[in-house]
Amino acid sequence: MNTTTIKAFGTEAADKPLHALTIKRRDVTAKDIEIEILYCGVCHSDLHTARNDWRGTIYPAVPGHEIVGKVTKVGKDVSKLKVGDYAAVGCLVDSCRECDSCKEDLEQYCLNGFTGTYNGKDKHLGTQTFGGYSEKVVVDEHFVLKVSSNLNLAATAPLLCAGITTWSPLRHWKVGKDSKVAVIGLGGLGHMAIKLAKGLGAHVTLFSRTKSKEKDALELGADAVIISTDNNEMNSVKGKFDLIIDTVPYVHDVNPYITTLSLSGTLVLVGYLGGLEPILNTVPMILGRKSVAGSVIGGIAETQEMLDFCGKHNIVSEIELIKMQDINEAYERMLKSDVRYRFVIDMASIKK
Ligand code: NAP
Ligand code: ZN
């Protein structure tokens, strides 16, 4: 298979900073679209992967799965987009497309395992997949999304992960005008959860650890902010929420939030992967028919639905544009929750 060598940013080890390197991209096959990457969002999952937090990183690792760019080449059988169109790629670049999940447009739950945009197994080249911290990407048209022309392109990039990861549970649990939704953590995912839940008409509350983001949360559309470290405030929302989206990336006590769920309410974890500590107390769950669930990104059709909804309602991410060379500093700031509310890399900087 013919390939082209391109510039990228990645790392060879968990304790090494990201730096310039080269990777190979396949030439387009019949169904492929080649995209020149203009912007790439910086997700906390990029950091988890670069630093091997989840223990499965294959090095060199090139993160980035919030990709927006321009189509530069299309294969002969491509019908979705043409050269010159804007296009987007999120967290998925392939799946088996035959299993029950794939047939139901739930590629993210592919029973044979989806191919992640980075750190997945590239079925064409046999290597790991490399993400959007790179000059271009080649993806089967099924996994390429269309972006709305009225939205700011750089601020659209985070919709491809932070947006869909919060949209999918909002839709699955049928959030609408009468819903009371809460979001834990005001970061990349959290701020999109607020905007999207508001867009769907819900009453939205933010749980944050300190008061420092309260003003921002209200400006983003939250109806209320509860400081999760303040027992009085936590007690004031007992039994209130139909759905809580928990975006916290690290192990934390989920129990205090369960008591804030209404009868039959659900807390859906989208952040932390692993065993919960302290252990989950089933008493409030059993006595209130409450659920603790999980959710991963979203399927391609659902991602397009979310992008179209954002186009219609003028919803984008709050971003700080950075240069590719600033990525290590951005990771350090993300660890301190010092990002309002998503870093997006201006990929023109990688050419320098
Ligand atoms: P982020 O921008 O760093 O935001 C996380 C927020 O969680 C912070 O802003 C902070 O909010 C809160 N937080 C951070 N550390 C905390 C701690 N130790 N205890 C309590 N709260 C804490 O991260 P992100 O990009 O939104 O990603 C969030 C998580 O979702 C990551 O673990 C990421 O890997 C994961 N993720 C999952 C999926 C999926 O498909 N399920 C997709 C994308 C990302 P406050 O300052 O307001 O407290
Ligand atoms: Zn992500």
# chains A, B, ... in the order shown; residues from 1 in each chain; ligands from 1

call {"tool": "residues_around", "arguments": {"residues": "His142 (chain A)", "least_positions_apart": "5", "cutoff": "9 Å", "atoms": "only C-alpha atoms", "output": "number ranges by chain"}}
result
A: 31-32, 80, 93-94, 300

call {"tool": "select_by_dssp", "arguments": {"residues": "region 137-219 of chain A", "states": "strand (DSSP E or B)", "output": "ChimeraX atom specification"}}
result
/A:137-140,145,180-184,203-208

call {"tool": "write_last_selection", "arguments": {"atoms": "all heavy atoms", "output": "compact mmCIF listing (two decimals), in the first residue's frame"}}
result
# COMPACT_ATOMS: atom_id res chain seq x y z
N VAL A 137 -5.05 13.47 7.60
CA VAL A 137 -5.56 12.17 8.01
C VAL A 137 -6.33 11.59 6.83
O VAL A 137 -6.90 12.34 6.02
CB VAL A 137 -6.43 12.33 9.29
CG1 VAL A 137 -7.70 13.14 9.04
CG2 VAL A 137 -6.77 11.01 9.94
N VAL A 138 -6.31 10.26 6.73
CA VAL A 138 -7.04 9.58 5.66
C VAL A 138 -8.04 8.62 6.32
O VAL A 138 -7.65 7.76 7.11
CB VAL A 138 -6.08 8.79 4.73
CG1 VAL A 138 -6.86 8.02 3.67
CG2 VAL A 138 -5.07 9.74 4.08
N VAL A 139 -9.32 8.83 6.02
CA VAL A 139 -10.37 8.09 6.74
C VAL A 139 -11.46 7.65 5.76
O VAL A 139 -11.81 8.39 4.84
CB VAL A 139 -11.00 9.01 7.83
CG1 VAL A 139 -12.10 8.27 8.59
CG2 VAL A 139 -9.95 9.51 8.80
N ASP A 140 -11.98 6.45 5.96
CA ASP A 140 -13.12 5.98 5.16
C ASP A 140 -14.28 6.97 5.31
O ASP A 140 -14.57 7.43 6.41
CB ASP A 140 -13.55 4.60 5.69
CG ASP A 140 -14.67 4.01 4.85
OD1 ASP A 140 -15.81 4.56 4.86
OD2 ASP A 140 -14.42 3.01 4.18
N LEU A 145 -17.37 13.32 9.04
CA LEU A 145 -18.58 14.10 9.33
C LEU A 145 -18.59 15.39 8.53
O LEU A 145 -17.53 15.92 8.17
CB LEU A 145 -18.60 14.47 10.82
CG LEU A 145 -18.89 13.39 11.88
CD1 LEU A 145 -20.17 12.63 11.57
CD2 LEU A 145 -17.73 12.45 12.09
N LYS A 180 -34.38 17.52 34.47
CA LYS A 180 -33.44 18.20 35.36
C LYS A 180 -32.11 17.46 35.25
O LYS A 180 -31.98 16.30 35.66
CB LYS A 180 -33.97 18.18 36.78
CG LYS A 180 -35.18 19.09 36.96
CD LYS A 180 -35.43 19.41 38.42
CE LYS A 180 -36.42 20.54 38.57
NZ LYS A 180 -37.71 20.26 37.90
N VAL A 181 -31.14 18.15 34.66
CA VAL A 181 -29.84 17.54 34.38
C VAL A 181 -28.78 18.20 35.25
O VAL A 181 -28.82 19.40 35.47
CB VAL A 181 -29.49 17.74 32.88
CG1 VAL A 181 -28.07 17.27 32.57
CG2 VAL A 181 -30.49 17.00 31.98
N ALA A 182 -27.84 17.40 35.73
CA ALA A 182 -26.67 17.97 36.40
C ALA A 182 -25.40 17.47 35.72
O ALA A 182 -25.39 16.38 35.12
CB ALA A 182 -26.66 17.61 37.87
N VAL A 183 -24.36 18.27 35.78
CA VAL A 183 -23.09 17.95 35.15
C VAL A 183 -22.03 18.05 36.24
O VAL A 183 -22.00 19.05 36.96
CB VAL A 183 -22.80 18.97 34.03
CG1 VAL A 183 -21.42 18.74 33.42
CG2 VAL A 183 -23.89 18.93 32.95
N ILE A 184 -21.16 17.05 36.34
CA ILE A 184 -20.08 17.12 37.33
C ILE A 184 -18.78 17.47 36.62
O ILE A 184 -18.33 16.72 35.76
CB ILE A 184 -19.90 15.81 38.12
CG1 ILE A 184 -21.25 15.27 38.62
CG2 ILE A 184 -18.92 16.02 39.28
CD1 ILE A 184 -21.16 13.95 39.37
N HIS A 203 -33.37 21.91 32.47
CA HIS A 203 -32.88 22.73 33.57
C HIS A 203 -31.52 22.13 33.95
O HIS A 203 -31.42 20.93 34.19
CB HIS A 203 -33.86 22.66 34.75
CG HIS A 203 -33.45 23.52 35.90
ND1 HIS A 203 -32.50 23.13 36.82
CD2 HIS A 203 -33.87 24.75 36.29
CE1 HIS A 203 -32.33 24.08 37.72
NE2 HIS A 203 -33.16 25.09 37.41
N VAL A 204 -30.47 22.95 33.98
CA VAL A 204 -29.12 22.40 34.13
C VAL A 204 -28.39 22.96 35.35
O VAL A 204 -28.34 24.18 35.55
CB VAL A 204 -28.26 22.68 32.86
CG1 VAL A 204 -26.90 22.01 32.99
CG2 VAL A 204 -28.97 22.21 31.60
N THR A 205 -27.83 22.05 36.12
CA THR A 205 -27.04 22.42 37.31
C THR A 205 -25.62 21.92 37.12
O THR A 205 -25.41 20.81 36.64
CB THR A 205 -27.65 21.77 38.57
OG1 THR A 205 -28.99 22.23 38.72
CG2 THR A 205 -26.84 22.11 39.82
N LEU A 206 -24.64 22.74 37.51
CA LEU A 206 -23.25 22.29 37.49
C LEU A 206 -22.80 21.95 38.90
O LEU A 206 -23.04 22.72 39.83
CB LEU A 206 -22.33 23.39 36.94
CG LEU A 206 -20.83 23.08 37.09
CD1 LEU A 206 -20.37 22.01 36.10
CD2 LEU A 206 -19.98 24.33 36.96
N PHE A 207 -22.14 20.81 39.06
CA PHE A 207 -21.39 20.50 40.29
C PHE A 207 -19.93 20.83 40.01
O PHE A 207 -19.33 20.25 39.10
CB PHE A 207 -21.47 19.01 40.62
CG PHE A 207 -22.78 18.54 41.16
CD1 PHE A 207 -23.58 17.67 40.41
CD2 PHE A 207 -23.22 18.91 42.43
CE1 PHE A 207 -24.79 17.19 40.91
CE2 PHE A 207 -24.43 18.43 42.94
CZ PHE A 207 -25.22 17.58 42.18
N SER A 208 -19.35 21.73 40.78
CA SER A 208 -17.94 22.04 40.62
C SER A 208 -17.30 22.03 41.99
O SER A 208 -17.98 22.19 43.00
CB SER A 208 -17.80 23.42 39.95
OG SER A 208 -16.49 23.62 39.50

call {"tool": "closest_atom_pairs", "arguments": {"of": "chain A", "to": "ligand 2", "cutoff": "9 Å", "atoms": "only C-alpha atoms and all ligand atoms", "output": "JSON lines"}}
result
{"residue": "A:Gly41", "atom": "CA", "partner": "ligand 2", "partner_atom_place_in_ligand_line": "1 (Zn)", "distance": 8.4}
{"residue": "A:Val42", "atom": "CA", "partner": "ligand 2", "partner_atom_place_in_ligand_line": "1 (Zn)", "distance": 7.5}
{"residue": "A:Cys43", "atom": "CA", "partner": "ligand 2", "partner_atom_place_in_ligand_line": "1 (Zn)", "distance": 4.5}
{"residue": "A:His44", "atom": "CA", "partner": "ligand 2", "partner_atom_place_in_ligand_line": "1 (Zn)", "distance": 6.4}
{"residue": "A:Ser45", "atom": "CA", "partner": "ligand 2", "partner_atom_place_in_ligand_line": "1 (Zn)", "distance": 5.1}
{"residue": "A:Asp46", "atom": "CA", "partner": "ligand 2", "partner_atom_place_in_ligand_line": "1 (Zn)", "distance": 6.8}
{"residue": "A:Gly64", "atom": "CA", "partner": "ligand 2", "partner_atom_place_in_ligand_line": "1 (Zn)", "distance": 7.8}
{"residue": "A:His65", "atom": "CA", "partner": "ligand 2", "partner_atom_place_in_ligand_line": "1 (Zn)", "distance": 6.1}
{"residue": "A:Glu66", "atom": "CA", "partner": "ligand 2", "partner_atom_place_in_ligand_line": "1 (Zn)", "distance": 7.0}
{"residue": "A:Gly90", "atom": "CA", "partner": "ligand 2", "partner_atom_place_in_ligand_line": "1 (Zn)", "distance": 8.2}
{"residue": "A:Cys91", "atom": "CA", "partner": "ligand 2", "partner_atom_place_in_ligand_line": "1 (Zn)", "distance": 6.7}
{"residue": "A:Pro158", "atom": "CA", "partner": "ligand 2", "partner_atom_place_in_ligand_line": "1 (Zn)", "distance": 8.2}
{"residue": "A:Leu160", "atom": "CA", "partner": "ligand 2", "partner_atom_place_in_ligand_line": "1 (Zn)", "distance": 7.9}
{"residue": "A:Cys161", "atom": "CA", "partner": "ligand 2", "partner_atom_place_in_ligand_line": "1 (Zn)", "distance": 4.6}
{"residue": "A:Ala162", "atom": "CA", "partner": "ligand 2", "partner_atom_place_in_ligand_line": "1 (Zn)", "distance": 6.0}
{"residue": "A:Thr165", "atom": "CA", "partner": "ligand 2", "partner_atom_place_in_ligand_line": "1 (Zn)", "distance": 7.9}
{"residue": "A:Gly188", "atom": "CA", "partner": "ligand 2", "partner_atom_place_in_ligand_line": "1 (Zn)", "distance": 8.9}
{"residue": "A:Leu189", "atom": "CA", "partner": "ligand 2", "partner_atom_place_in_ligand_line": "1 (Zn)", "distance": 8.4}
{"residue": "A:Ile297", "atom": "CA", "partner": "ligand 2", "partner_atom_place_in_ligand_line": "1 (Zn)", "distance": 7.9}

call {"tool": "write_last_selection", "arguments": {"atoms": "N, CA and C atoms", "output": "compact mmCIF listing (two decimals), in the first residue's frame"}}
result
# COMPACT_ATOMS: atom_id res chain seq x y z
N GLY A 41 -8.78 19.67 18.55
CA GLY A 41 -9.03 19.92 19.97
C GLY A 41 -8.13 19.04 20.84
N VAL A 42 -7.95 19.47 22.08
CA VAL A 42 -7.11 18.73 23.03
C VAL A 42 -8.02 18.17 24.14
N CYS A 43 -8.21 16.85 24.08
CA CYS A 43 -9.09 16.16 25.02
C CYS A 43 -8.26 15.61 26.18
N HIS A 44 -8.88 15.46 27.35
CA HIS A 44 -8.15 14.86 28.47
C HIS A 44 -7.73 13.43 28.14
N SER A 45 -8.47 12.78 27.22
CA SER A 45 -8.10 11.41 26.80
C SER A 45 -6.75 11.42 26.06
N ASP A 46 -6.43 12.53 25.40
CA ASP A 46 -5.13 12.63 24.73
C ASP A 46 -4.02 12.52 25.77
N GLY A 64 -5.10 13.09 19.50
CA GLY A 64 -5.91 14.05 18.74
C GLY A 64 -7.11 13.40 18.07
N HIS A 65 -8.32 13.65 18.63
CA HIS A 65 -9.52 13.08 17.98
C HIS A 65 -10.67 14.09 17.93
N GLU A 66 -10.29 15.35 17.82
CA GLU A 66 -11.30 16.39 17.58
C GLU A 66 -10.81 17.18 16.37
N GLY A 90 -13.93 12.42 14.32
CA GLY A 90 -13.94 12.35 15.78
C GLY A 90 -13.09 11.20 16.30
N CYS A 91 -13.64 10.44 17.22
CA CYS A 91 -12.85 9.44 17.95
C CYS A 91 -12.77 8.09 17.24
N PRO A 158 -13.95 20.75 19.08
CA PRO A 158 -14.26 19.99 20.32
C PRO A 158 -15.62 19.29 20.31
N LEU A 160 -16.42 17.21 18.27
CA LEU A 160 -16.19 15.85 17.78
C LEU A 160 -15.89 14.84 18.88
N CYS A 161 -15.49 15.31 20.06
CA CYS A 161 -15.41 14.37 21.19
C CYS A 161 -16.19 14.91 22.38
N ALA A 162 -15.80 16.08 22.89
CA ALA A 162 -16.50 16.62 24.07
C ALA A 162 -17.99 16.77 23.78
N THR A 165 -19.70 13.07 23.21
CA THR A 165 -19.66 12.24 24.43
C THR A 165 -20.73 12.66 25.43
N GLY A 188 -13.69 20.41 29.47
CA GLY A 188 -14.08 20.31 28.07
C GLY A 188 -15.44 19.64 27.91
N LEU A 189 -15.59 18.45 28.48
CA LEU A 189 -16.87 17.73 28.36
C LEU A 189 -17.97 18.47 29.10
N ILE A 297 -18.31 7.86 23.91
CA ILE A 297 -18.48 8.74 22.73
C ILE A 297 -19.87 8.62 22.11

call {"tool": "atom_distance", "arguments": {"atom1": "CA of Gly239 (chain A)", "atom2": "CA of Gly271 (chain A)"}}
result
22.7 Å

call {"tool": "residues_around", "arguments": {"residues": "Asp178 (chain A)", "least_positions_apart": "6", "cutoff": "10 Å", "atoms": "only C-alpha atoms", "output": "list in words"}}
result
Leu200, Gly201, Ala202, His203 and Asp242 of chain A

call {"tool": "write_last_selection", "arguments": {"atoms": "all heavy atoms", "output": "PDB file, in the first residue's frame"}}
result
ATOM      1  N   LEU A 200     -31.296  21.460  24.523  1.00  0.00           N
ATOM      2  CA  LEU A 200     -32.424  20.522  24.487  1.00  0.00           C
ATOM      3  C   LEU A 200     -33.560  20.981  25.395  1.00  0.00           C
ATOM      4  O   LEU A 200     -34.589  20.324  25.492  1.00  0.00           O
ATOM      5  CB  LEU A 200     -31.947  19.118  24.905  1.00  0.00           C
ATOM      6  CG  LEU A 200     -31.065  18.392  23.880  1.00  0.00           C
ATOM      7  CD1 LEU A 200     -30.370  17.191  24.511  1.00  0.00           C
ATOM      8  CD2 LEU A 200     -31.886  17.959  22.661  1.00  0.00           C
ATOM      9  N   GLY A 201     -33.336  22.074  26.097  1.00  0.00           N
ATOM     10  CA  GLY A 201     -34.426  22.653  26.899  1.00  0.00           C
ATOM     11  C   GLY A 201     -34.426  22.271  28.366  1.00  0.00           C
ATOM     12  O   GLY A 201     -35.340  22.636  29.110  1.00  0.00           O
ATOM     13  N   ALA A 202     -33.402  21.544  28.817  1.00  0.00           N
ATOM     14  CA  ALA A 202     -33.399  21.055  30.204  1.00  0.00           C
ATOM     15  C   ALA A 202     -33.036  22.168  31.192  1.00  0.00           C
ATOM     16  O   ALA A 202     -32.464  23.191  30.823  1.00  0.00           O
ATOM     17  CB  ALA A 202     -32.387  19.918  30.333  1.00  0.00           C
ATOM     18  N   HIS A 203     -33.373  21.910  32.469  1.00  0.00           N
ATOM     19  CA  HIS A 203     -32.878  22.732  33.573  1.00  0.00           C
ATOM     20  C   HIS A 203     -31.523  22.134  33.953  1.00  0.00           C
ATOM     21  O   HIS A 203     -31.418  20.928  34.186  1.00  0.00           O
ATOM     22  CB  HIS A 203     -33.862  22.662  34.746  1.00  0.00           C
ATOM     23  CG  HIS A 203     -33.454  23.519  35.904  1.00  0.00           C
ATOM     24  ND1 HIS A 203     -32.497  23.129  36.815  1.00  0.00           N
ATOM     25  CD2 HIS A 203     -33.870  24.753  36.286  1.00  0.00           C
ATOM     26  CE1 HIS A 203     -32.331  24.084  37.717  1.00  0.00           C
ATOM     27  NE2 HIS A 203     -33.164  25.089  37.412  1.00  0.00           N
ATOM     28  N   ASP A 242     -32.772  14.085  37.252  1.00  0.00           N
ATOM     29  CA  ASP A 242     -33.134  12.910  36.451  1.00  0.00           C
ATOM     30  C   ASP A 242     -31.889  12.257  35.857  1.00  0.00           C
ATOM     31  O   ASP A 242     -31.804  11.047  35.708  1.00  0.00           O
ATOM     32  CB  ASP A 242     -34.051  13.316  35.285  1.00  0.00           C
ATOM     33  CG  ASP A 242     -35.240  14.115  35.770  1.00  0.00           C
ATOM     34  OD1 ASP A 242     -35.845  13.690  36.768  1.00  0.00           O
ATOM     35  OD2 ASP A 242     -35.539  15.177  35.177  1.00  0.00           O
TER      36      ASP A 242
END

call {"tool": "atom_distance", "arguments": {"atom1": "CA of Thr49 (chain A)", "atom2": "CA of Val28 (chain A)"}}
result
27.1 Å

call {"tool": "residues_around", "arguments": {"residues": "Cys99 (chain A)", "least_positions_apart": "5", "cutoff": "12 Å", "atoms": "only C-alpha atoms", "output": "PyMOL selection string"}}
result
chain A and resi 104-114

call {"tool": "write_last_selection", "arguments": {"atoms": "all heavy atoms", "output": "PDB file, in the first residue's frame"}}
result
ATOM      1  N   GLU A 104     -26.847  -0.992  13.988  1.00  0.00           N
ATOM      2  CA  GLU A 104     -27.757  -0.030  14.641  1.00  0.00           C
ATOM      3  C   GLU A 104     -27.147   1.361  14.743  1.00  0.00           C
ATOM      4  O   GLU A 104     -27.601   2.177  15.562  1.00  0.00           O
ATOM      5  CB  GLU A 104     -28.085  -0.520  16.052  1.00  0.00           C
ATOM      6  CG  GLU A 104     -29.078  -1.641  16.110  1.00  0.00           C
ATOM      7  CD  GLU A 104     -29.324  -2.070  17.558  1.00  0.00           C
ATOM      8  OE1 GLU A 104     -29.622  -1.216  18.404  1.00  0.00           O
ATOM      9  OE2 GLU A 104     -29.162  -3.264  17.823  1.00  0.00           O
ATOM     10  N   ASP A 105     -26.086   1.632  13.986  1.00  0.00           N
ATOM     11  CA  ASP A 105     -25.396   2.926  14.036  1.00  0.00           C
ATOM     12  C   ASP A 105     -24.756   3.194  15.386  1.00  0.00           C
ATOM     13  O   ASP A 105     -24.626   4.343  15.807  1.00  0.00           O
ATOM     14  CB  ASP A 105     -26.360   4.081  13.692  1.00  0.00           C
ATOM     15  CG  ASP A 105     -26.765   4.064  12.227  1.00  0.00           C
ATOM     16  OD1 ASP A 105     -25.941   3.624  11.396  1.00  0.00           O
ATOM     17  OD2 ASP A 105     -27.894   4.470  11.916  1.00  0.00           O
ATOM     18  N   LEU A 106     -24.385   2.129  16.061  1.00  0.00           N
ATOM     19  CA  LEU A 106     -23.716   2.283  17.360  1.00  0.00           C
ATOM     20  C   LEU A 106     -22.275   1.776  17.228  1.00  0.00           C
ATOM     21  O   LEU A 106     -21.834   0.903  17.977  1.00  0.00           O
ATOM     22  CB  LEU A 106     -24.464   1.499  18.448  1.00  0.00           C
ATOM     23  CG  LEU A 106     -25.895   1.956  18.732  1.00  0.00           C
ATOM     24  CD1 LEU A 106     -26.627   0.944  19.614  1.00  0.00           C
ATOM     25  CD2 LEU A 106     -25.883   3.327  19.420  1.00  0.00           C
ATOM     26  N   GLU A 107     -21.553   2.350  16.259  1.00  0.00           N
ATOM     27  CA  GLU A 107     -20.194   1.868  15.980  1.00  0.00           C
ATOM     28  C   GLU A 107     -19.296   1.939  17.202  1.00  0.00           C
ATOM     29  O   GLU A 107     -18.327   1.199  17.330  1.00  0.00           O
ATOM     30  CB  GLU A 107     -19.548   2.682  14.855  1.00  0.00           C
ATOM     31  CG  GLU A 107     -20.266   2.647  13.520  1.00  0.00           C
ATOM     32  CD  GLU A 107     -21.283   3.759  13.357  1.00  0.00           C
ATOM     33  OE1 GLU A 107     -21.711   4.351  14.365  1.00  0.00           O
ATOM     34  OE2 GLU A 107     -21.668   4.037  12.199  1.00  0.00           O
ATOM     35  N   GLN A 108     -19.624   2.865  18.115  1.00  0.00           N
ATOM     36  CA  GLN A 108     -18.776   3.003  19.319  1.00  0.00           C
ATOM     37  C   GLN A 108     -18.891   1.788  20.230  1.00  0.00           C
ATOM     38  O   GLN A 108     -18.057   1.589  21.098  1.00  0.00           O
ATOM     39  CB  GLN A 108     -19.118   4.307  20.068  1.00  0.00           C
ATOM     40  CG  GLN A 108     -20.386   4.292  20.900  1.00  0.00           C
ATOM     41  CD  GLN A 108     -21.652   4.624  20.120  1.00  0.00           C
ATOM     42  OE1 GLN A 108     -21.815   4.304  18.950  1.00  0.00           O
ATOM     43  NE2 GLN A 108     -22.602   5.279  20.784  1.00  0.00           N
ATOM     44  N   TYR A 109     -19.938   0.992  20.025  1.00  0.00           N
ATOM     45  CA  TYR A 109     -20.101  -0.247  20.800  1.00  0.00           C
ATOM     46  C   TYR A 109     -19.902  -1.469  19.901  1.00  0.00           C
ATOM     47  O   TYR A 109     -20.444  -2.544  20.181  1.00  0.00           O
ATOM     48  CB  TYR A 109     -21.481  -0.279  21.472  1.00  0.00           C
ATOM     49  CG  TYR A 109     -21.692   0.883  22.420  1.00  0.00           C
ATOM     50  CD1 TYR A 109     -22.621   1.892  22.156  1.00  0.00           C
ATOM     51  CD2 TYR A 109     -20.917   0.998  23.583  1.00  0.00           C
ATOM     52  CE1 TYR A 109     -22.787   2.971  23.012  1.00  0.00           C
ATOM     53  CE2 TYR A 109     -21.080   2.079  24.447  1.00  0.00           C
ATOM     54  CZ  TYR A 109     -22.014   3.059  24.165  1.00  0.00           C
ATOM     55  OH  TYR A 109     -22.170   4.122  25.014  1.00  0.00           O
ATOM     56  N   CYS A 110     -19.147  -1.300  18.823  1.00  0.00           N
ATOM     57  CA  CYS A 110     -18.867  -2.412  17.894  1.00  0.00           C
ATOM     58  C   CYS A 110     -18.455  -3.647  18.698  1.00  0.00           C
ATOM     59  O   CYS A 110     -17.538  -3.586  19.526  1.00  0.00           O
ATOM     60  CB  CYS A 110     -17.740  -2.013  16.924  1.00  0.00           C
ATOM     61  SG  CYS A 110     -17.211  -3.372  15.865  1.00  0.00           S
ATOM     62  N   LEU A 111     -19.138  -4.771  18.442  1.00  0.00           N
ATOM     63  CA  LEU A 111     -18.880  -5.974  19.242  1.00  0.00           C
ATOM     64  C   LEU A 111     -17.501  -6.556  18.941  1.00  0.00           C
ATOM     65  O   LEU A 111     -16.971  -7.346  19.709  1.00  0.00           O
ATOM     66  CB  LEU A 111     -19.985  -7.013  18.987  1.00  0.00           C
ATOM     67  CG  LEU A 111     -21.393  -6.532  19.362  1.00  0.00           C
ATOM     68  CD1 LEU A 111     -22.446  -7.577  19.003  1.00  0.00           C
ATOM     69  CD2 LEU A 111     -21.485  -6.187  20.859  1.00  0.00           C
ATOM     70  N   ASN A 112     -16.930  -6.146  17.813  1.00  0.00           N
ATOM     71  CA  ASN A 112     -15.576  -6.599  17.478  1.00  0.00           C
ATOM     72  C   ASN A 112     -14.529  -5.532  17.797  1.00  0.00           C
ATOM     73  O   ASN A 112     -13.376  -5.657  17.415  1.00  0.00           O
ATOM     74  CB  ASN A 112     -15.525  -6.997  16.002  1.00  0.00           C
ATOM     75  CG  ASN A 112     -16.432  -8.188  15.740  1.00  0.00           C
ATOM     76  OD1 ASN A 112     -16.260  -9.240  16.346  1.00  0.00           O
ATOM     77  ND2 ASN A 112     -17.432  -8.010  14.887  1.00  0.00           N
ATOM     78  N   GLY A 113     -14.951  -4.481  18.455  1.00  0.00           N
ATOM     79  CA  GLY A 113     -14.018  -3.425  18.856  1.00  0.00           C
ATOM     80  C   GLY A 113     -13.892  -2.360  17.794  1.00  0.00           C
ATOM     81  O   GLY A 113     -13.555  -2.661  16.651  1.00  0.00           O
ATOM     82  N   PHE A 114     -14.191  -1.113  18.146  1.00  0.00           N
ATOM     83  CA  PHE A 114     -14.032  -0.040  17.151  1.00  0.00           C
ATOM     84  C   PHE A 114     -12.553   0.326  17.014  1.00  0.00           C
ATOM     85  O   PHE A 114     -11.751   0.013  17.897  1.00  0.00           O
ATOM     86  CB  PHE A 114     -14.876   1.194  17.528  1.00  0.00           C
ATOM     87  CG  PHE A 114     -14.408   1.960  18.741  1.00  0.00           C
ATOM     88  CD1 PHE A 114     -13.337   2.849  18.655  1.00  0.00           C
ATOM     89  CD2 PHE A 114     -15.054   1.828  19.961  1.00  0.00           C
ATOM     90  CE1 PHE A 114     -12.915   3.578  19.757  1.00  0.00           C
ATOM     91  CE2 PHE A 114     -14.642   2.550  21.081  1.00  0.00           C
ATOM     92  CZ  PHE A 114     -13.563   3.424  20.976  1.00  0.00           C
TER      93      PHE A 114
END

call {"tool": "atom_distance", "arguments": {"atom1": "CA of Glu233 (chain A)", "atom2": "CA of Ser179 (chain A)"}}
result
20.5 Å

call {"tool": "select_by_dssp", "arguments": {"residues": "region 18-165 of chain A", "states": "alpha helix (DSSP H)", "output": "list in words"}}
result
His44, Ser45, Asp46, Leu47, His48, Thr49, Ala50, Asp100, Ser101, Cys102, Lys103, Leu153, Ala154, Ala155, Thr156, Ala162, Gly163, Ile164 and Thr165 of chain A

call {"tool": "residues_around", "arguments": {"residues": "Val74 (chain A)", "least_positions_apart": "6", "cutoff": "9 Å", "atoms": "only C-alpha atoms", "output": "list in words"}}
result
Val28, Thr29, Ala30, Lys31, Asp32, Ile33, Glu34, Ile35, Leu81, Lys82, Val83 and Glu141 of chain A

call {"tool": "residues_around", "arguments": {"residues": "Ser236 (chain A)", "least_positions_apart": "6", "cutoff": "12 Å", "atoms": "only C-alpha atoms", "output": "ChimeraX atom specification"}}
result
/A:224-228,230,256-257,259-260

call {"tool": "write_last_selection", "arguments": {"atoms": "N, CA, C and O atoms", "output": "short mmCIF file (atom, residue, chain, number, x, y, z; two decimals), in the first residue's frame"}}
result
data_model
loop_
_atom_site.label_atom_id
_atom_site.label_comp_id
_atom_site.auth_asym_id
_atom_site.auth_seq_id
_atom_site.Cartn_x
_atom_site.Cartn_y
_atom_site.Cartn_z
N ALA A 224 -27.98 26.73 37.69
CA ALA A 224 -27.51 26.75 39.08
C ALA A 224 -26.13 26.09 39.16
O ALA A 224 -25.75 25.30 38.30
N VAL A 225 -25.40 26.45 40.21
CA VAL A 225 -24.10 25.83 40.46
C VAL A 225 -24.07 25.36 41.90
O VAL A 225 -24.43 26.11 42.81
N ILE A 226 -23.67 24.11 42.11
CA ILE A 226 -23.56 23.56 43.45
C ILE A 226 -22.09 23.22 43.69
O ILE A 226 -21.45 22.55 42.86
N ILE A 227 -21.56 23.72 44.80
CA ILE A 227 -20.16 23.42 45.14
C ILE A 227 -20.13 22.05 45.83
O ILE A 227 -20.66 21.87 46.92
N SER A 228 -19.50 21.11 45.14
CA SER A 228 -19.60 19.70 45.58
C SER A 228 -18.86 19.45 46.89
O SER A 228 -19.11 18.44 47.56
N ASP A 230 -19.16 21.39 49.48
CA ASP A 230 -19.93 22.06 50.53
C ASP A 230 -21.17 21.20 50.86
O ASP A 230 -22.09 21.08 50.06
N PRO A 256 -21.99 10.74 47.13
CA PRO A 256 -22.75 11.95 47.45
C PRO A 256 -23.66 12.40 46.31
O PRO A 256 -24.69 13.03 46.54
N TYR A 257 -23.29 12.07 45.09
CA TYR A 257 -24.11 12.48 43.94
C TYR A 257 -25.35 11.59 43.78
O TYR A 257 -26.38 12.05 43.28
N THR A 259 -27.30 10.49 45.96
CA THR A 259 -28.43 10.99 46.77
C THR A 259 -29.10 12.20 46.11
O THR A 259 -30.23 12.54 46.46
N THR A 260 -28.43 12.82 45.17
CA THR A 260 -29.06 13.98 44.50
C THR A 260 -29.89 13.55 43.29
O THR A 260 -30.52 14.38 42.64
#

call {"tool": "residues_around", "arguments": {"residues": "Ser168 (chain A)", "least_positions_apart": "2", "cutoff": "12 Å", "atoms": "only C-alpha atoms", "output": "MDAnalysis selection string"}}
result
chainID A and resid 106 108 159:166 170:175 189 192:193 196:197 245 268 270 294:307

call {"tool": "closest_residue", "arguments": {"among": "A:Cys310, A:Val248, A:Ile58, A:Ala222", "to": "Ser149 (chain A)", "atoms": "only C-alpha atoms"}}
result
A:Cys310
